[in-house]
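Contents: one structure, followed by commentary.
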Amino acid sequence: MAASNPVLITGAGGVGRTVVEGLRARDVPVRVMVRRNDDRAARMRALGAEVVLGDLTRPETVSAALEGARSMYFAMPVSPDHLLAATVVASVAREYGKLDALLDMSQMTVSQMTATSTAESRQQRLHWLAEQVFDWSGLPVVHVRPTSFLDNPLFTTLPAQTIRAKGTIELPFGAGRTSPVAVDDVARVIATVLRDPAPHVGRVYELTGPRTVDMTEMAEAFSQALGRPVSYVDVPLEQWRTEVLSTIGLPPHIEEHIVTMCRLHQQNRYDRASDDVERLTGTPAQTIEEFVAARQDFYLG
C-alpha cells in the first residue's frame, strides 16, 4: 500500500477507535467514516486521521469515503441494518475495484451456523448472511470473528453493580463456559492485518481469550484481580430479562440479541478457545484477571 493510500475505518467507537490509535502510532494513513461530526470525530482528527461523514447504508457516501483507499475495515454496532450495510459496501467496493483487502468484523457464533439454523439471534443471522455476501462478491475479504467482548456490559457494568453491593456476579449463563476477549486484543489483530493485508486475504480468524471458564471460575478470576471475594449467582433467564435487561431501555433488536447470547451460553455454545490473537500479534490475549485488575477502581467504585 502506497504511503498516500489511506486505510478506511468505519466508525470511531470501541474497536474502531483502538484500531485507529494502533495504525496512527505507526504513521499509517487513516480515513475514518463517521455518521456525526461529534467529539469522537474530533478525537480521530487529533490522532492525525482524516474524518469524513457518511452512512454505510448510503452507497454515495460509501463511494466517496472509499476514493483513494486500498484497504477497508467494515464494522457497525448491533443493528437491524447490518446486512443492508454489508451489501452496500460489497457492491460499492466491487465497483470501485481497487481494494487490496476488506476486513469484515463478524461474530464467532457464525462458525457454528448453517443456512437453516434457527437457534441464533437475528443479529447473528445478519452476520452470517453478510459473510456470504462478502464471499460471493469476489472481493479480497478477511473475516474476523471475535467471541463476546470482555468490555461488554455483561462483564463490566452489570457485575460492577452487584460486586459493589453484594460481592456477586449475577447472570443467566448456567454452567456454560465462555472465553471473552478484550477490545484491545481484537483491535491489535485488526491493525496487524490492515498494516499488511496480503497474507491474510481469504482467511477467517476466531478471536477469544486464552482459556474457557465457567461462571464460577470467572468469579474466582474476579476475586483474584480485585482482592475480595466474588461469587457467581445463576439467575433464571426470564427473571433476569424482566428485572435487569428490560429496565435498561434497549431497542428490541439489541435486547433479543443479548437474550440469545445468554441462552447460547447456557447451551455451552461459547466454550471455544483460539490462539489467533497471540499467533497474529505475538502477544497473548488478556486474561480475565489482567483485564479486571487494570480496572479495579471501576469494579469497586
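Chain labels follow the order of the C-alpha cells: the first chain is A, the next B, and so on; residue numbering restarts at 1 in every chain, and ligands are counted from 1 in their shown order.
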
(message) Excluding Leu83 (chain A) and its own-chain neighbours fewer than 5 positions away, which residues fall within 10 Å of it when counting only C-alpha atoms? Please give them as JSON, numbers by chain.
(response) {"A": [57, 88, 89, 123, 125, 126, 127, 128, 129, 130, 131, 133]}

Kindly save the residues from that selection, with all heavy atoms included, as an mmCIF file, in the first residue's frame.
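Output contents, as saved in selection-v3.cif:
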```cif
data_model
loop_
_atom_site.group_PDB
_atom_site.id
_atom_site.type_symbol
_atom_site.label_atom_id
_atom_site.label_comp_id
_atom_site.auth_asym_id
_atom_site.auth_seq_id
_atom_site.Cartn_x
_atom_site.Cartn_y
_atom_site.Cartn_z
ATOM 1 N N THR A 57 -25.233 2.618 4.893
ATOM 2 C CA THR A 57 -26.388 2.178 4.111
ATOM 3 C C THR A 57 -26.645 3.077 2.904
ATOM 4 O O THR A 57 -27.588 2.822 2.149
ATOM 5 C CB THR A 57 -27.658 2.128 4.985
ATOM 6 O OG1 THR A 57 -28.016 3.461 5.383
ATOM 7 C CG2 THR A 57 -27.444 1.261 6.220
ATOM 8 N N VAL A 88 -24.378 -2.988 0.678
ATOM 9 C CA VAL A 88 -23.985 -1.711 0.069
ATOM 10 C C VAL A 88 -22.465 -1.637 -0.068
ATOM 11 O O VAL A 88 -21.931 -1.299 -1.131
ATOM 12 C CB VAL A 88 -24.520 -0.527 0.905
ATOM 13 C CG1 VAL A 88 -23.853 0.778 0.474
ATOM 14 C CG2 VAL A 88 -26.031 -0.423 0.764
ATOM 15 N N VAL A 89 -21.751 -1.974 1.010
ATOM 16 C CA VAL A 89 -20.283 -1.903 0.983
ATOM 17 C C VAL A 89 -19.717 -2.857 -0.064
ATOM 18 O O VAL A 89 -18.825 -2.495 -0.840
ATOM 19 C CB VAL A 89 -19.711 -2.207 2.380
ATOM 20 C CG1 VAL A 89 -18.203 -2.457 2.309
ATOM 21 C CG2 VAL A 89 -20.006 -1.052 3.324
ATOM 22 N N GLN A 123 -29.411 -10.783 14.891
ATOM 23 C CA GLN A 123 -28.134 -10.127 14.615
ATOM 24 C C GLN A 123 -27.090 -11.144 14.160
ATOM 25 O O GLN A 123 -26.339 -10.894 13.205
ATOM 26 C CB GLN A 123 -27.636 -9.388 15.857
ATOM 27 C CG GLN A 123 -26.305 -8.665 15.670
ATOM 28 C CD GLN A 123 -26.397 -7.478 14.719
ATOM 29 O OE1 GLN A 123 -27.454 -6.849 14.614
ATOM 30 N NE2 GLN A 123 -25.313 -7.161 14.042
ATOM 31 N N ARG A 125 -27.667 -13.963 12.699
ATOM 32 C CA ARG A 125 -28.069 -14.362 11.353
ATOM 33 C C ARG A 125 -27.629 -13.318 10.321
ATOM 34 O O ARG A 125 -27.165 -13.665 9.227
ATOM 35 C CB ARG A 125 -29.580 -14.556 11.322
ATOM 36 C CG ARG A 125 -30.214 -14.792 9.952
ATOM 37 C CD ARG A 125 -29.676 -15.987 9.237
ATOM 38 N NE ARG A 125 -29.650 -17.190 10.060
ATOM 39 C CZ ARG A 125 -29.123 -18.346 9.661
ATOM 40 N NH1 ARG A 125 -28.565 -18.443 8.475
ATOM 41 N NH2 ARG A 125 -29.124 -19.392 10.454
ATOM 42 N N LEU A 126 -27.753 -12.040 10.657
ATOM 43 C CA LEU A 126 -27.323 -10.980 9.736
ATOM 44 C C LEU A 126 -25.819 -11.058 9.478
ATOM 45 O O LEU A 126 -25.360 -10.833 8.351
ATOM 46 C CB LEU A 126 -27.703 -9.603 10.294
ATOM 47 C CG LEU A 126 -29.203 -9.315 10.429
ATOM 48 C CD1 LEU A 126 -29.420 -7.937 11.030
ATOM 49 C CD2 LEU A 126 -29.909 -9.427 9.092
ATOM 50 N N HIS A 127 -25.037 -11.376 10.518
ATOM 51 C CA HIS A 127 -23.597 -11.532 10.323
ATOM 52 C C HIS A 127 -23.300 -12.717 9.401
ATOM 53 O O HIS A 127 -22.411 -12.631 8.544
ATOM 54 C CB HIS A 127 -22.891 -11.724 11.674
ATOM 55 C CG HIS A 127 -22.595 -10.440 12.381
ATOM 56 N ND1 HIS A 127 -21.487 -9.675 12.097
ATOM 57 C CD2 HIS A 127 -23.255 -9.789 13.363
ATOM 58 C CE1 HIS A 127 -21.476 -8.604 12.871
ATOM 59 N NE2 HIS A 127 -22.541 -8.645 13.648
ATOM 60 N N TRP A 128 -24.020 -13.822 9.586
ATOM 61 C CA TRP A 128 -23.810 -14.989 8.730
ATOM 62 C C TRP A 128 -24.100 -14.632 7.275
ATOM 63 O O TRP A 128 -23.321 -14.946 6.369
ATOM 64 C CB TRP A 128 -24.706 -16.144 9.189
ATOM 65 C CG TRP A 128 -24.403 -17.449 8.496
ATOM 66 C CD1 TRP A 128 -23.530 -18.414 8.907
ATOM 67 C CD2 TRP A 128 -24.978 -17.927 7.270
ATOM 68 N NE1 TRP A 128 -23.517 -19.461 8.010
ATOM 69 C CE2 TRP A 128 -24.396 -19.192 7.003
ATOM 70 C CE3 TRP A 128 -25.920 -17.412 6.378
ATOM 71 C CZ2 TRP A 128 -24.731 -19.950 5.874
ATOM 72 C CZ3 TRP A 128 -26.257 -18.158 5.259
ATOM 73 C CH2 TRP A 128 -25.671 -19.398 5.012
ATOM 74 N N LEU A 129 -25.224 -13.958 7.051
ATOM 75 C CA LEU A 129 -25.590 -13.567 5.691
ATOM 76 C C LEU A 129 -24.595 -12.558 5.105
ATOM 77 O O LEU A 129 -24.246 -12.626 3.924
ATOM 78 C CB LEU A 129 -27.002 -12.991 5.675
ATOM 79 C CG LEU A 129 -28.126 -13.999 5.949
ATOM 80 C CD1 LEU A 129 -29.445 -13.277 6.189
ATOM 81 C CD2 LEU A 129 -28.267 -14.974 4.783
ATOM 82 N N ALA A 130 -24.125 -11.635 5.940
ATOM 83 C CA ALA A 130 -23.155 -10.652 5.465
ATOM 84 C C ALA A 130 -21.873 -11.338 5.002
ATOM 85 O O ALA A 130 -21.273 -10.949 3.977
ATOM 86 C CB ALA A 130 -22.849 -9.636 6.564
ATOM 87 N N GLU A 131 -21.435 -12.363 5.739
ATOM 88 C CA GLU A 131 -20.250 -13.099 5.302
ATOM 89 C C GLU A 131 -20.480 -13.747 3.936
ATOM 90 O O GLU A 131 -19.585 -13.767 3.082
ATOM 91 C CB GLU A 131 -19.865 -14.158 6.331
ATOM 92 C CG GLU A 131 -19.200 -13.611 7.575
ATOM 93 C CD GLU A 131 -18.381 -14.666 8.308
ATOM 94 O OE1 GLU A 131 -18.031 -15.693 7.685
ATOM 95 O OE2 GLU A 131 -18.083 -14.452 9.500
ATOM 96 N N VAL A 133 -22.442 -12.631 1.565
ATOM 97 C CA VAL A 133 -22.411 -11.543 0.577
ATOM 98 C C VAL A 133 -20.967 -11.173 0.240
ATOM 99 O O VAL A 133 -20.592 -11.045 -0.941
ATOM 100 C CB VAL A 133 -23.182 -10.318 1.082
ATOM 101 C CG1 VAL A 133 -22.925 -9.099 0.197
ATOM 102 C CG2 VAL A 133 -24.674 -10.617 1.139
#
```

Skip Leu139 (chain A) itself and residues of its chain fewer than 6 positions away, then list as a compact mmCIF listing (two decimals) with C-alpha atoms, in the first residue's frame all residues within 10 Å of it, counting only C-alpha atoms.
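The new file part25.txt reads:
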```txt
# COMPACT_ATOMS: atom_id res chain seq x y z
CA ALA A 90 -19.72 -5.06 -1.07
CA SER A 91 -21.48 -3.57 -4.10
CA ALA A 93 -16.29 -1.80 -3.21
CA ARG A 94 -16.66 -4.21 -6.12
CA GLY A 97 -12.27 -2.27 -7.83
CA LYS A 98 -9.11 -1.04 -6.12
CA LEU A 99 -9.16 -2.65 -2.68
CA ASP A 100 -6.30 -4.91 -1.66
CA ALA A 101 -8.30 -6.10 1.34
CA LEU A 102 -11.68 -5.67 3.04
CA VAL A 133 -22.41 -11.54 0.58
CA VAL A 201 -6.84 -12.40 2.33
CA GLY A 202 -9.27 -15.29 2.28
```

Could the residues of region 180-261 of chain A that have an atom at most 8 Å from region 7-25 of chain A be listed as JSON lines, each with its closest atom pair and the distance in Å to one decimal, counting only C-alpha atoms and ordered by chain and ascending residue number?
```
{"residue": "A:Val183", "atom": "CA", "partner": "A:Val15", "partner_atom": "CA", "distance": 5.8}
{"residue": "A:Asp184", "atom": "CA", "partner": "A:Thr18", "partner_atom": "CA", "distance": 6.7}
{"residue": "A:Val186", "atom": "CA", "partner": "A:Val15", "partner_atom": "CA", "distance": 7.1}
{"residue": "A:Ala187", "atom": "CA", "partner": "A:Val19", "partner_atom": "CA", "distance": 5.0}
{"residue": "A:Arg188", "atom": "CA", "partner": "A:Val19", "partner_atom": "CA", "distance": 6.8}
{"residue": "A:Ile190", "atom": "CA", "partner": "A:Val19", "partner_atom": "CA", "distance": 6.7}
{"residue": "A:Ala191", "atom": "CA", "partner": "A:Val19", "partner_atom": "CA", "distance": 5.4}
{"residue": "A:Leu194", "atom": "CA", "partner": "A:Val7", "partner_atom": "CA", "distance": 7.5}
{"residue": "A:Arg195", "atom": "CA", "partner": "A:Leu23", "partner_atom": "CA", "distance": 7.5}
```

(request) Can you pull out every residue within 8 Å of Ala221 (chain A), counting only C-alpha atoms, but drop anything in the same chain fewer than 3 positions away, and send it as a PyMOL selection string? (result) chain A and resi 217-218+224-225+288-289

(message) Set the distance at 9 Å and use only C-alpha atoms: which residues neighbour region 104-117 of chain A once local chain neighbours fewer than 4 positions away are removed? I'd like the list as a ChimeraX atom specification.
(response) /A:72-76,86,124-125,127-131,134,141-148,205-208,269-270

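Our summary of the geometry notes that CA of Thr242 (chain A) is positioned 24.6 Å from CA of Pro180 (chain A).
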
(request) Run DSSP on the backbone of this structure and report the residues of region 3-179 of chain A it assigns to strand (DSSP E), as a ChimeraX atom specification. (result) /A:7-10,30-34,50-53,71-74,101-105,141-146,168-171,177-178

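Taking CA of His265 (chain A) and CA of Val181 (chain A) as the two end points, the separation is 14.9 Å.
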
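Nearest to Arg211 (chain A) of all the residues A:Ser137, A:Ser71, A:Asn152, A:Ser274 is A:Ser274, counting only C-alpha atoms.
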
Show me a table, sorted first by chain and then by increasing residue number, of the residues of region 195-263 of chain A having an atom at most 9 Å from region 156-169 of chain A, each with its shortest atom pair and the distance in Å to one decimal, counting only C-alpha atoms and written as a tab-separated table.
```
residue	atom	partner	partner_atom	distance
A:Met215	CA	A:Ile169	CA	8.4
A:Met218	CA	A:Ile169	CA	9.0
A:Ala219	CA	A:Ile169	CA	6.8
A:Arg228	CA	A:Gly167	CA	8.0
A:Pro229	CA	A:Gly167	CA	6.4
A:Val230	CA	A:Gly167	CA	4.9
A:Ser231	CA	A:Thr168	CA	4.8
A:Tyr232	CA	A:Ile169	CA	4.9
A:Val233	CA	A:Ile169	CA	6.1
A:Asp234	CA	A:Ile169	CA	8.4
A:Val244	CA	A:Leu158	CA	8.9
```

Next, the residues of the selection above should be written as a short mmCIF file (atom, residue, chain, number, x, y, z; two decimals), in the first residue's frame with all heavy atoms.
```
data_model
loop_
_atom_site.label_atom_id
_atom_site.label_comp_id
_atom_site.auth_asym_id
_atom_site.auth_seq_id
_atom_site.Cartn_x
_atom_site.Cartn_y
_atom_site.Cartn_z
N MET A 215 -18.80 -19.84 34.89
CA MET A 215 -19.00 -18.57 35.59
C MET A 215 -18.48 -18.61 37.03
O MET A 215 -18.10 -17.58 37.58
CB MET A 215 -20.48 -18.18 35.55
CG MET A 215 -20.97 -17.80 34.16
SD MET A 215 -19.96 -16.49 33.39
CE MET A 215 -20.29 -15.13 34.50
N MET A 218 -14.99 -17.77 36.49
CA MET A 218 -14.88 -16.35 36.20
C MET A 218 -14.95 -15.53 37.48
O MET A 218 -14.17 -14.57 37.68
CB MET A 218 -15.96 -15.89 35.22
CG MET A 218 -15.89 -14.39 34.92
SD MET A 218 -17.02 -13.83 33.63
CE MET A 218 -16.14 -14.37 32.17
N ALA A 219 -15.86 -15.89 38.37
CA ALA A 219 -15.96 -15.17 39.64
C ALA A 219 -14.67 -15.30 40.45
O ALA A 219 -14.23 -14.33 41.09
CB ALA A 219 -17.15 -15.70 40.45
N ARG A 228 -10.88 -9.37 46.70
CA ARG A 228 -12.03 -9.53 47.59
C ARG A 228 -12.89 -10.67 47.07
O ARG A 228 -12.87 -10.98 45.87
CB ARG A 228 -12.87 -8.25 47.67
CG ARG A 228 -13.45 -7.78 46.36
CD ARG A 228 -14.45 -6.65 46.54
NE ARG A 228 -15.66 -7.12 47.20
CZ ARG A 228 -16.73 -6.34 47.43
NH1 ARG A 228 -16.68 -5.05 47.11
NH2 ARG A 228 -17.81 -6.83 48.00
N PRO A 229 -13.65 -11.34 47.93
CA PRO A 229 -14.45 -12.48 47.49
C PRO A 229 -15.54 -12.06 46.50
O PRO A 229 -16.25 -11.07 46.71
CB PRO A 229 -15.07 -13.01 48.78
CG PRO A 229 -14.23 -12.47 49.88
CD PRO A 229 -13.73 -11.14 49.39
N VAL A 230 -15.63 -12.82 45.41
CA VAL A 230 -16.70 -12.63 44.43
C VAL A 230 -17.24 -14.02 44.08
O VAL A 230 -16.46 -14.92 43.79
CB VAL A 230 -16.20 -11.93 43.15
CG1 VAL A 230 -17.33 -11.80 42.13
CG2 VAL A 230 -15.62 -10.55 43.47
N SER A 231 -18.54 -14.17 44.12
CA SER A 231 -19.15 -15.46 43.79
C SER A 231 -20.14 -15.28 42.65
O SER A 231 -20.63 -14.17 42.39
CB SER A 231 -19.86 -16.06 45.01
OG SER A 231 -20.87 -15.18 45.48
N TYR A 232 -20.44 -16.39 41.99
CA TYR A 232 -21.40 -16.35 40.88
C TYR A 232 -22.77 -16.80 41.36
O TYR A 232 -22.91 -17.81 42.05
CB TYR A 232 -20.94 -17.25 39.73
CG TYR A 232 -21.96 -17.35 38.61
CD1 TYR A 232 -22.38 -16.19 37.95
CD2 TYR A 232 -22.51 -18.57 38.24
CE1 TYR A 232 -23.32 -16.26 36.93
CE2 TYR A 232 -23.45 -18.65 37.22
CZ TYR A 232 -23.85 -17.48 36.57
OH TYR A 232 -24.79 -17.55 35.56
N VAL A 233 -23.79 -16.05 40.97
CA VAL A 233 -25.18 -16.41 41.23
C VAL A 233 -25.86 -16.59 39.88
O VAL A 233 -25.94 -15.64 39.09
CB VAL A 233 -25.90 -15.33 42.06
CG1 VAL A 233 -27.38 -15.68 42.23
CG2 VAL A 233 -25.22 -15.14 43.41
N ASP A 234 -26.33 -17.79 39.62
CA ASP A 234 -27.02 -18.05 38.36
C ASP A 234 -28.48 -17.62 38.50
O ASP A 234 -29.19 -18.05 39.41
CB ASP A 234 -26.94 -19.54 38.01
CG ASP A 234 -27.45 -19.82 36.62
OD1 ASP A 234 -27.06 -19.08 35.70
OD2 ASP A 234 -28.23 -20.76 36.44
N VAL A 244 -33.68 -7.04 35.04
CA VAL A 244 -32.43 -6.33 34.74
C VAL A 244 -32.45 -5.76 33.32
O VAL A 244 -32.41 -4.56 33.12
CB VAL A 244 -31.21 -7.26 34.94
CG1 VAL A 244 -29.92 -6.51 34.59
CG2 VAL A 244 -31.15 -7.77 36.37
#
```

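Our summary of the geometry notes that CA of His200 (chain A) is positioned 20.5 Å from CA of Leu66 (chain A).
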